[in-house]
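Raw contents of input.cif, mmCIF, C-alpha atoms:
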```cif
data_model
loop_
_atom_site.label_atom_id
_atom_site.label_comp_id
_atom_site.auth_asym_id
_atom_site.auth_seq_id
_atom_site.Cartn_x
_atom_site.Cartn_y
_atom_site.Cartn_z
CA MET A 717 -23.92 -0.76 12.23
CA ASN A 718 -22.51 -1.12 15.76
CA ALA A 719 -18.77 -1.51 16.44
CA ALA A 720 -16.11 -1.26 19.13
CA LYS A 721 -12.51 -0.36 18.26
CA PHE A 722 -9.46 -1.65 20.16
CA THR A 723 -5.97 -0.23 19.77
CA LEU A 724 -3.21 -2.78 19.13
CA VAL A 725 0.31 -2.30 20.48
CA PRO A 726 3.35 -4.59 20.02
CA SER A 727 3.46 -5.48 23.73
CA MET A 728 0.21 -7.45 23.25
CA PHE A 729 2.06 -9.91 20.99
CA LEU A 730 3.87 -12.61 22.98
CA ASP A 731 5.79 -15.75 22.03
CA ARG A 732 2.65 -17.78 22.76
CA GLU A 733 -0.83 -17.39 21.31
CA THR A 734 -3.11 -15.16 23.37
CA VAL A 735 -6.82 -14.69 22.81
CA LEU A 736 -7.41 -10.93 22.63
CA LEU A 737 -11.10 -10.99 21.85
CA GLU A 738 -14.02 -13.34 21.36
CA TRP A 739 -17.02 -11.96 19.51
CA ASP A 740 -19.89 -14.32 18.79
CA GLU A 741 -18.22 -17.22 16.93
CA LEU A 742 -15.20 -15.06 16.01
CA ARG A 743 -11.83 -14.93 17.77
CA ALA A 744 -8.78 -12.68 17.51
CA VAL A 745 -5.53 -14.29 18.66
CA SER A 746 -2.21 -12.47 18.99
CA PHE A 747 1.22 -14.08 18.78
CA ARG A 748 4.77 -13.38 17.71
CA TYR A 749 6.72 -15.38 15.14
CA PRO A 750 10.22 -16.65 16.08
CA SER A 751 11.50 -13.93 13.72
CA GLY A 752 9.96 -11.31 16.01
CA VAL A 753 7.19 -10.23 13.60
CA CYS A 754 3.78 -9.73 15.21
CA GLY A 755 0.88 -11.80 13.90
CA LEU A 756 -2.85 -11.43 14.49
CA LYS A 757 -5.04 -14.45 13.70
CA LEU A 758 -8.73 -13.90 12.97
CA GLN A 759 -10.85 -17.06 13.16
CA ASN A 760 -14.40 -18.06 12.38
CA GLU A 761 -15.95 -21.51 12.02
CA ARG A 762 -14.93 -21.65 8.33
CA GLY A 763 -11.23 -20.91 8.80
CA GLU A 764 -8.67 -18.24 9.67
CA VAL A 765 -6.51 -15.46 8.29
CA VAL A 766 -3.26 -14.12 9.76
CA VAL A 767 -2.41 -10.42 9.43
CA LEU A 768 0.89 -8.66 10.14
CA PRO A 769 -0.56 -5.57 11.81
CA PHE A 770 2.71 -3.61 12.02
CA GLN A 771 4.45 -4.83 8.84
CA GLY A 772 2.64 -3.79 5.70
CA GLN A 773 -0.67 -5.01 7.14
CA GLN A 774 0.03 -8.01 4.93
CA ILE A 775 -2.28 -11.00 5.09
CA TRP A 776 0.45 -13.53 5.64
CA SER A 777 -1.74 -16.62 5.37
CA ALA A 778 -5.32 -17.67 4.76
CA ARG A 779 -6.92 -21.05 5.42
CA MET A 780 -10.59 -21.69 4.62
CA ASN A 781 -12.80 -24.78 4.34
CA GLY A 782 -9.92 -26.97 5.45
CA ARG A 783 -7.57 -25.74 2.69
CA ASP A 784 -4.46 -23.56 2.72
CA LEU A 785 -5.16 -20.83 0.18
CA THR A 786 -1.73 -19.21 0.34
CA MET A 787 1.00 -19.54 -2.27
CA LYS A 788 3.92 -21.86 -1.67
CA SER A 789 7.10 -19.85 -1.05
CA MET A 790 10.59 -20.14 0.37
CA PHE A 791 9.48 -18.44 3.62
CA ASP A 792 8.04 -20.41 6.54
CA GLN A 793 7.48 -17.19 8.50
CA PRO A 794 7.59 -13.45 7.81
CA HIS A 795 10.93 -11.68 8.19
CA PRO A 796 11.34 -8.21 9.72
CA THR A 797 12.48 -6.26 6.65
CA GLN A 798 11.30 -3.55 4.29
CA THR A 799 12.94 -5.22 1.28
CA TYR A 800 10.29 -6.81 -0.93
CA LEU A 801 12.00 -10.01 -2.04
CA GLU A 802 13.38 -10.71 1.45
CA ASN A 803 9.85 -11.32 2.76
CA TYR A 804 7.86 -12.58 -0.20
CA GLY A 805 5.33 -15.28 0.57
CA GLY A 806 2.15 -13.65 1.89
CA PHE A 807 -1.43 -14.15 0.70
CA LEU A 808 -2.02 -10.41 0.21
CA ILE A 809 0.60 -7.70 -0.21
CA HIS A 810 -0.39 -4.05 -0.66
CA CYS A 811 1.82 -2.52 -3.39
CA GLY A 812 2.35 1.21 -4.08
CA ALA A 813 1.52 3.95 -3.37
CA THR A 814 3.87 6.54 -4.95
CA ALA A 815 5.11 3.86 -7.37
CA MET A 816 4.49 0.19 -8.08
CA GLY A 817 5.87 -2.56 -10.26
CA VAL A 818 9.34 -3.43 -11.50
CA PRO A 819 11.57 -0.33 -11.69
CA GLU A 820 13.36 0.44 -14.93
CA ALA A 821 16.88 1.85 -15.05
CA VAL A 822 15.47 5.40 -14.97
CA ASP A 823 13.30 4.68 -11.91
CA HIS A 824 14.35 5.23 -8.32
CA HIS A 825 11.57 3.42 -6.48
CA PRO A 826 11.92 -0.01 -4.82
CA LEU A 827 10.23 -3.07 -6.30
CA HIS A 828 6.47 -2.57 -5.79
CA GLY A 829 6.92 0.63 -3.80
CA GLU A 830 7.01 1.47 -0.11
CA LEU A 831 3.76 -0.19 1.05
CA PRO A 832 4.54 -3.96 1.02
CA ASN A 833 6.49 -4.03 4.31
CA ALA A 834 5.71 -0.53 5.54
CA PRO A 835 6.10 0.02 9.31
CA TYR A 836 2.63 0.88 10.62
CA GLU A 837 2.56 3.39 13.47
CA ARG A 838 -1.01 2.53 14.40
CA ALA A 839 -3.04 -0.67 14.22
CA TRP A 840 -6.47 -1.59 15.54
CA LEU A 841 -9.04 -4.34 15.86
CA ILE A 842 -12.76 -3.70 15.39
CA ALA A 843 -15.58 -5.95 16.59
CA GLY A 844 -18.93 -5.07 15.11
CA THR A 845 -22.15 -6.11 13.46
CA GLU A 846 -23.45 -5.20 10.02
CA GLN A 847 -27.07 -5.96 9.16
CA GLY A 848 -27.14 -8.23 12.19
CA HIS A 849 -24.03 -10.22 11.21
CA PRO A 850 -20.93 -10.12 13.48
CA TYR A 851 -17.51 -9.40 12.04
CA LEU A 852 -13.93 -8.70 13.09
CA GLU A 853 -11.84 -6.14 11.23
CA VAL A 854 -8.14 -5.28 11.33
CA GLY A 855 -6.95 -1.87 10.19
CA GLY A 856 -4.02 0.44 10.57
CA GLN A 857 -2.40 3.68 9.57
CA PHE A 858 0.90 4.30 7.80
CA THR A 859 2.01 7.87 7.11
CA HIS A 860 4.59 8.39 4.39
CA THR A 861 6.30 11.78 4.33
CA VAL A 862 9.15 12.95 2.10
CA ALA A 863 9.92 16.66 2.37
CA PHE A 864 8.99 18.70 -0.73
CA ASN A 865 7.56 15.56 -2.32
CA THR A 866 5.07 13.24 -0.62
CA HIS A 867 2.76 13.27 2.38
CA TYR A 868 -0.02 10.70 2.53
CA VAL A 869 -1.66 8.31 4.97
CA ALA A 870 -2.56 4.74 3.98
CA GLU A 871 -5.31 2.83 5.80
CA PRO A 872 -5.90 -0.81 4.77
CA HIS A 873 -8.59 -3.05 6.18
CA LEU A 874 -9.43 -6.74 6.40
CA ARG A 875 -12.94 -7.72 7.50
CA LEU A 876 -13.79 -11.32 8.39
CA PRO A 877 -17.51 -11.96 8.91
CA ALA A 878 -18.97 -14.82 10.89
CA GLY A 879 -20.02 -17.87 8.93
CA LYS A 880 -18.25 -17.06 5.66
CA SER A 881 -15.10 -18.33 3.95
CA THR A 882 -14.64 -15.09 2.01
CA PHE A 883 -13.51 -11.80 3.51
CA HIS A 884 -13.26 -8.17 2.48
CA ILE A 885 -9.99 -6.37 1.84
CA GLY A 886 -9.39 -2.76 0.96
CA MET A 887 -7.14 0.26 1.13
CA SER A 888 -7.57 4.02 1.27
CA VAL A 889 -4.79 6.50 0.49
CA HIS A 890 -5.39 10.09 1.56
CA ASN A 891 -3.20 12.83 0.11
CA LEU A 892 -2.32 15.08 3.03
CA LYS A 893 -0.66 17.67 0.78
CA ARG A 894 -2.42 20.63 -0.76
CA THR A 895 -0.90 19.76 -4.13
CA PRO A 896 -1.42 16.65 -6.30
CA MET A 897 0.43 13.36 -5.79
CA ASP A 898 1.09 10.52 -8.21
CA LEU A 899 -0.63 7.29 -7.18
CA MET A 900 -0.11 3.66 -8.14
CA TYR A 901 -1.57 0.66 -6.32
CA LEU A 902 -1.81 -3.11 -6.82
CA ALA A 903 -3.39 -5.74 -4.56
CA HIS A 904 -0.98 -8.68 -4.83
CA ILE A 905 -3.31 -11.59 -3.97
CA ASN A 906 -1.38 -14.87 -4.04
CA PHE A 907 -3.43 -18.07 -4.09
CA ARG A 908 -1.93 -21.54 -4.29
CA PRO A 909 -2.59 -23.09 -7.72
CA VAL A 910 -4.12 -26.56 -7.85
CA ASN A 911 -3.20 -28.99 -10.60
CA GLN A 912 -6.04 -29.61 -13.08
CA ALA A 913 -8.04 -26.65 -11.75
CA GLU A 914 -9.89 -24.40 -14.21
CA LEU A 915 -9.82 -20.60 -14.35
CA MET A 916 -13.09 -18.82 -15.06
CA TYR A 917 -13.55 -15.05 -15.10
CA SER A 918 -15.73 -12.26 -16.46
CA ALA A 919 -13.82 -11.28 -19.61
CA ALA A 920 -13.64 -12.21 -23.26
CA TYR A 921 -11.16 -15.07 -23.68
CA ASP A 922 -9.30 -13.73 -26.71
CA PRO A 923 -5.89 -12.13 -27.39
CA ALA A 924 -7.40 -8.65 -27.55
CA HIS A 925 -8.76 -8.86 -23.98
CA VAL A 926 -6.26 -11.28 -22.40
CA ARG A 927 -2.80 -10.01 -23.32
CA VAL A 928 0.48 -11.68 -22.38
CA ARG A 929 3.36 -9.54 -21.13
CA THR A 930 6.32 -10.29 -23.36
CA SER A 931 8.90 -8.13 -21.55
CA ILE A 932 10.91 -9.98 -18.91
CA PRO A 933 11.87 -8.18 -15.66
CA SER A 934 15.53 -7.96 -14.73
CA HIS A 935 15.11 -10.14 -11.62
CA VAL A 936 13.63 -12.97 -13.73
CA HIS A 937 15.96 -15.42 -15.52
CA PRO A 938 14.04 -17.66 -17.96
CA ALA A 939 15.13 -21.05 -19.28
CA PRO A 940 15.35 -21.92 -23.00
CA GLY A 941 11.94 -22.19 -24.62
CA PHE A 942 10.28 -19.67 -22.31
CA ARG A 943 10.01 -16.89 -24.89
CA GLU A 944 8.44 -19.31 -27.35
CA PHE A 945 5.90 -20.30 -24.68
CA LEU A 946 4.98 -16.62 -24.22
CA GLU A 947 4.49 -16.20 -27.96
CA ASP A 948 2.23 -19.25 -28.04
CA LEU A 949 0.18 -17.95 -25.11
CA ALA A 950 -0.15 -14.56 -26.78
CA GLN A 951 -1.82 -16.23 -29.77
CA ASN A 952 -4.00 -18.56 -27.67
CA PRO A 953 -4.34 -17.25 -24.10
CA ALA A 954 -7.23 -19.60 -23.25
CA GLN A 955 -4.84 -22.54 -23.05
CA HIS A 956 -3.70 -21.33 -19.61
CA HIS A 957 -7.22 -21.73 -18.18
CA HIS A 958 -6.54 -25.39 -17.43
CA LEU A 959 -3.77 -25.48 -14.82
CA SER A 960 -1.84 -28.42 -16.15
CA PRO A 961 1.53 -29.00 -14.42
CA ASP A 962 3.01 -29.28 -17.93
CA LEU A 963 2.53 -25.56 -18.65
CA ASN A 964 5.80 -23.62 -18.40
CA PHE A 965 4.98 -20.94 -15.80
CA ASP A 966 8.66 -20.92 -14.79
CA PRO A 967 9.78 -18.39 -13.72
CA GLU A 968 6.49 -16.47 -14.24
CA VAL A 969 3.87 -15.36 -16.75
CA VAL A 970 1.89 -12.10 -16.56
CA PHE A 971 -1.38 -11.33 -18.34
CA TYR A 972 -3.27 -8.06 -18.68
CA ILE A 973 -7.03 -8.66 -18.71
CA ASP A 974 -9.89 -6.36 -19.65
CA TYR A 975 -12.66 -7.31 -17.23
CA ALA A 976 -16.40 -6.88 -17.74
CA THR A 977 -18.77 -6.50 -14.79
CA ASP A 978 -22.23 -7.38 -13.56
CA ALA A 979 -24.95 -4.78 -13.08
CA ASP A 980 -23.51 -3.80 -9.70
CA GLY A 981 -20.03 -3.15 -11.10
CA TRP A 982 -18.36 -6.31 -9.80
CA ALA A 983 -15.90 -8.41 -11.82
CA HIS A 984 -15.52 -12.08 -10.82
CA THR A 985 -12.64 -14.58 -10.94
CA LEU A 986 -12.61 -18.27 -9.96
CA GLN A 987 -10.07 -21.05 -9.65
CA ILE A 988 -12.38 -24.08 -9.78
CA LEU A 989 -10.77 -27.12 -8.18
CA PRO A 990 -11.25 -30.69 -9.45
CA ASP A 991 -13.50 -31.46 -6.45
CA GLY A 992 -15.83 -28.55 -7.27
CA GLN A 993 -14.61 -26.11 -4.62
CA ALA A 994 -13.12 -22.80 -5.75
CA ASP A 995 -10.99 -19.84 -4.86
CA TYR A 996 -12.67 -16.52 -5.51
CA VAL A 997 -12.03 -12.81 -6.01
CA ARG A 998 -14.50 -10.10 -6.84
CA HIS A 999 -13.41 -6.51 -7.44
CA LYS A 1000 -14.67 -3.32 -9.07
CA PRO A 1001 -12.79 -2.16 -12.18
CA ALA A 1002 -14.23 1.31 -11.56
CA GLU A 1003 -11.91 1.41 -8.51
CA LEU A 1004 -9.00 -0.72 -9.78
CA ARG A 1005 -9.17 -0.45 -13.54
CA LYS A 1006 -6.32 -2.77 -14.56
CA GLY A 1007 -6.64 -6.54 -14.32
CA VAL A 1008 -3.25 -8.22 -13.85
CA ARG A 1009 -2.79 -12.00 -13.68
CA TRP A 1010 0.48 -13.48 -12.41
CA ILE A 1011 1.33 -17.19 -12.41
CA CYS A 1012 4.57 -18.61 -11.05
CA ARG A 1013 5.10 -22.38 -10.81
CA THR A 1014 8.63 -23.40 -9.93
CA PRO A 1015 10.11 -26.03 -7.58
CA ASP A 1016 10.48 -23.36 -4.88
CA GLN A 1017 7.48 -21.08 -5.46
CA ASP A 1018 3.97 -21.98 -6.56
CA ALA A 1019 1.61 -19.03 -6.87
CA LEU A 1020 -1.55 -18.04 -8.70
CA GLY A 1021 -2.27 -14.34 -8.72
CA MET A 1022 -5.42 -15.07 -10.70
CA ILE A 1023 -6.35 -11.40 -10.45
CA LEU A 1024 -4.17 -8.66 -8.99
CA PRO A 1025 -6.52 -5.68 -9.32
CA ALA A 1026 -4.50 -2.51 -9.85
CA THR A 1027 -4.53 1.10 -10.96
CA ALA A 1028 -1.76 0.42 -13.49
CA GLU A 1029 0.23 -2.36 -15.08
CA PRO A 1030 3.33 -3.40 -13.05
CA GLU A 1031 6.04 -2.13 -15.41
CA GLY A 1032 7.41 0.52 -13.06
CA PHE A 1033 6.68 4.21 -12.62
CA SER A 1034 8.27 5.65 -15.79
CA ALA A 1035 6.74 3.10 -18.14
CA GLU A 1036 3.28 3.47 -16.62
CA LYS A 1037 3.53 7.26 -16.58
CA ALA A 1038 4.27 7.17 -20.31
CA LYS A 1039 1.18 5.00 -20.86
CA GLY A 1040 -1.00 7.42 -18.90
CA ASN A 1041 -1.63 4.83 -16.18
CA VAL A 1042 -0.36 6.80 -13.17
CA LEU A 1043 -3.24 8.42 -11.32
CA SER A 1044 -3.10 11.94 -9.92
CA LEU A 1045 -4.62 12.40 -6.47
CA ALA A 1046 -5.53 16.04 -5.80
CA GLY A 1047 -4.58 17.74 -2.58
CA GLY A 1048 -6.82 16.40 0.18
CA GLU A 1049 -8.29 13.72 -2.10
CA THR A 1050 -8.68 10.04 -1.12
CA PHE A 1051 -8.35 6.90 -3.23
CA ALA A 1052 -10.16 3.82 -1.93
CA TYR A 1053 -11.26 0.37 -3.00
CA ASP A 1054 -12.94 -2.73 -1.58
CA ALA A 1055 -12.74 -6.33 -2.80
CA GLU A 1056 -13.87 -9.74 -1.62
CA VAL A 1057 -11.52 -12.74 -1.61
CA GLY A 1058 -11.43 -16.25 -0.21
CA ALA A 1059 -12.84 -19.71 -0.90
CA LEU A 1060 -16.19 -21.20 -1.92
CA THR A 1061 -17.67 -24.63 -1.35
CA ALA A 1062 -18.92 -26.62 -4.31
CA ASP A 1063 -22.48 -25.59 -3.44
CA GLU A 1064 -21.50 -21.88 -3.46
CA VAL A 1065 -19.62 -21.99 -6.77
CA ALA A 1066 -22.65 -22.44 -9.05
CA ALA A 1067 -24.08 -18.97 -8.42
CA VAL A 1068 -20.77 -17.28 -9.29
CA GLU A 1069 -20.34 -19.43 -12.40
CA ALA A 1070 -23.80 -18.33 -13.53
CA LYS A 1071 -22.89 -14.65 -13.03
CA ILE A 1072 -19.69 -15.05 -15.04
CA GLU A 1073 -21.50 -16.85 -17.85
CA ALA A 1074 -24.15 -14.12 -17.97
CA ILE A 1075 -21.51 -11.39 -18.17
CA ARG A 1076 -19.56 -13.22 -20.87
CA GLN A 1077 -22.70 -13.80 -22.93
CA GLY A 1078 -23.39 -10.09 -22.71
CA ILE A 1079 -19.92 -9.34 -24.07
CA THR A 1080 -20.32 -11.56 -27.11
CA ALA A 1081 -23.98 -10.80 -27.80
#
```

As structure tokens, how would this structure be written, given the file I've shared?
Amino acid sequence: MNAAKFTLVPSMFLDRETVLLEWDELRAVSFRYPSGVCGLKLQNERGEVVVLPFQGQQIWSARMNGRDLTMKSMFDQPHPTQTYLENYGGFLIHCGATAMGVPEAVDHHPLHGELPNAPYERAWLIAGTEQGHPYLEVGGQFTHTVAFNTHYVAEPHLRLPAGKSTFHIGMSVHNLKRTPMDLMYLAHINFRPVNQAELMYSAAYDPAHVRVRTSIPSHVHPAPGFREFLEDLAQNPAQHHHLSPDLNFDPEVVFYIDYATDADGWAHTLQILPDGQADYVRHKPAELRKGVRWICRTPDQDALGMILPATAEPEGFSAEKAKGNVLSLAGGETFAYDAEVGALTADEVAAVEAKIEAIRQGITA
């Protein structure tokens, strides 16, 4: 594998789009939003993704095969803040790493931790080839230090290969202390749901393996009938597989899913659109052992977190610690994962459907 690494600095990001690099059919374009947030656009012939290299290394938007994949939100651009709900609308948000989820009264961590809008001290762009195929990759480094408590470095990555409408995401967290640290992480991947689409994934479709969260976070205010809808879903979770606009995902519904994998350890999730195209995620439960699904369909926000792979459920630090879901990272140890996300054409969907069917048949055999 051959690669060249370029350091990114904020002065490269102007009010107009500027081509930083062209590599085969790939381009990297820098710009600055009117809000002042820096954006880096990676493009290939199938589409583009926009990363915020200095703010959480969020993937703010993704567009592939002529479609906008990103959730509908109340934000038309990213805002320069470290407060989670004041900048919520990106395609991928890294959540964690000392805590994650909705804090309870006994918790002291912010919603989804310190990573979502973390200020990155370093950011870089890599142009390389792997097995003869060109790619562009964005990465960065955020060091979080709290005296007597925490000292780690987080390094996310996004790799866009030439010729593909899927891309690789990942994160590593390295404990710089000589003593253990608690670790929680969730990849908040926010697709845009499509009416009449079908969800298909490598799990058993029953209440034992697809569980509905019945607790309601404090920042969520449901309308009458919502609790009854949750109870109905808990008895028959498969009814949410068909994304009918009549289903009451307002303000949100969360599922916990036990995924099964193929022989290589990958779990697969599809949103199959009425025209045969699909949105796609594959991840490894050996790396991110909890499968979280989040659906929110309101007049202001329309989002399908069809799989948010995580180390824990998103109930906040204390609740997850009590369940035994908070990982312990030894001094000098590194946590890391890699996943593939994006879109598939109708011709590409069939192979993934076959894999899912084979996995599900193995579960029930």

Please expand the PyMOL selection byres ((chain A and resi 958) around 7) into the concrete residues it hits in this file, giving the result as a list in words. Gln912, Ala913, Glu914, Leu915, Gln955, His956, His957, Leu959 and Ser960 of chain A

Please enumerate the residues selected by the PyMOL selection byres ((chain A and resi 892-906) around 6) when evaluated against the supplied file, formatted as JSON, numbers by chain. {"A": [787, 807, 808, 809, 810, 811, 812, 813, 814, 815, 816, 867, 868, 891, 907, 1019, 1020, 1021, 1024, 1025, 1026, 1027, 1042, 1043, 1044, 1045, 1046, 1047, 1048]}

Between CA of Ala1070 in chain A and CA of Val765 in chain A - distance in Å to one decimal: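 Atom-to-atom, CA of Val765 in chain A and CA of Ala1070 in chain A are spaced 28.0 Å apart.
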
Report as a PyMOL selection string the residues that result from applying the PyMOL selection byres ((chain A and resi 794) around 12) to the structure here. chain A and resi 748-755+766-768+770-777+789-793+795-807+833

Once you count only C-alpha atoms, which residues end up no further than 10 Å from (-20.8, -6.4, 15.1) in the file's frame, shown as a list in words? Met717, Asn718, Ala719, Ala720, Trp739, Asp740, Ile842, Ala843, Gly844, Thr845, Glu846, Gln847, Gly848, His849, Pro850, Tyr851, Leu852, Glu853, Pro877 and Ala878 of chain A

Give me the residues within 12 Å of Leu949 in chain A as a VMD selection string, counting only C-alpha atoms and dropping any in the same chain fewer than 6 places off. chain A and resid 921 to 923 926 to 930 942 to 943 955 to 957 963 to 965 969 to 971

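Residues in contact range of range 758-764 of chain A, defined as at most 8 Å between only C-alpha atoms, with sequence neighbours fewer than 3 positions away removed, read Glu741, Leu742, Arg743, Ala744, Val745, Ala778, Arg779, Met780, Asn781, Gly782, Leu852, Leu876, Pro877, Ala878, Gly879, Lys880 and Ser881 of chain A.
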
Range 884-886 of chain A environment, 7 Å, all atoms listed in the file, sequence neighbours closer than 5 positions dropped, as a list of chain:residue names: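 Listed by chain and then number, they are A:Pro872, A:His873, A:Leu874, A:Arg875, A:Leu876, A:Tyr1053, A:Asp1054, A:Ala1055, A:Glu1056, A:Val1057.
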
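Minimum atom-to-atom distance to Ser931 in chain A, evaluated using all atoms listed in the file, belongs to A:Leu946 out of A:Ala994, A:Ala954, A:Leu946, A:Val1068.
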
Using the file's own x, y and z axes, what box holds all listed atoms of range 788-800 of chain A with 3 Å on each side, keeping edges along x, y and z, and what are its centre and edge lengths in Å to one decimal, as AutoDock Vina command-line options?
```
--center_x 8.4 --center_y -12.7 --center_z 4.0 --size_x 15.0 --size_y 24.3 --size_z 17.4
```

With distances taken over all atoms listed in the file, which residue among A:Gly829, A:Asn911, A:Ile1079, A:Val1008 lies nearest Pro990 in chain A?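 Closest residue, counting all atoms listed in the file: A:Asn911.
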
Take CA of Val869 in chain A and CA of Thr1050 in chain A and report the distance between them in Å, one decimal. 9.5 Å

For Tyr917 in chain A: contacts at 7 Å, all atoms listed in the file, fewer than 6 positions along chain excluded, given as a PyMOL selection string: chain A and resi 984-986+1072

Which distance in Å separates CA of Pro769 in chain A and CA of Glu738 in chain A, to one decimal?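 CA of Pro769 in chain A sits 18.2 Å away from CA of Glu738 in chain A.
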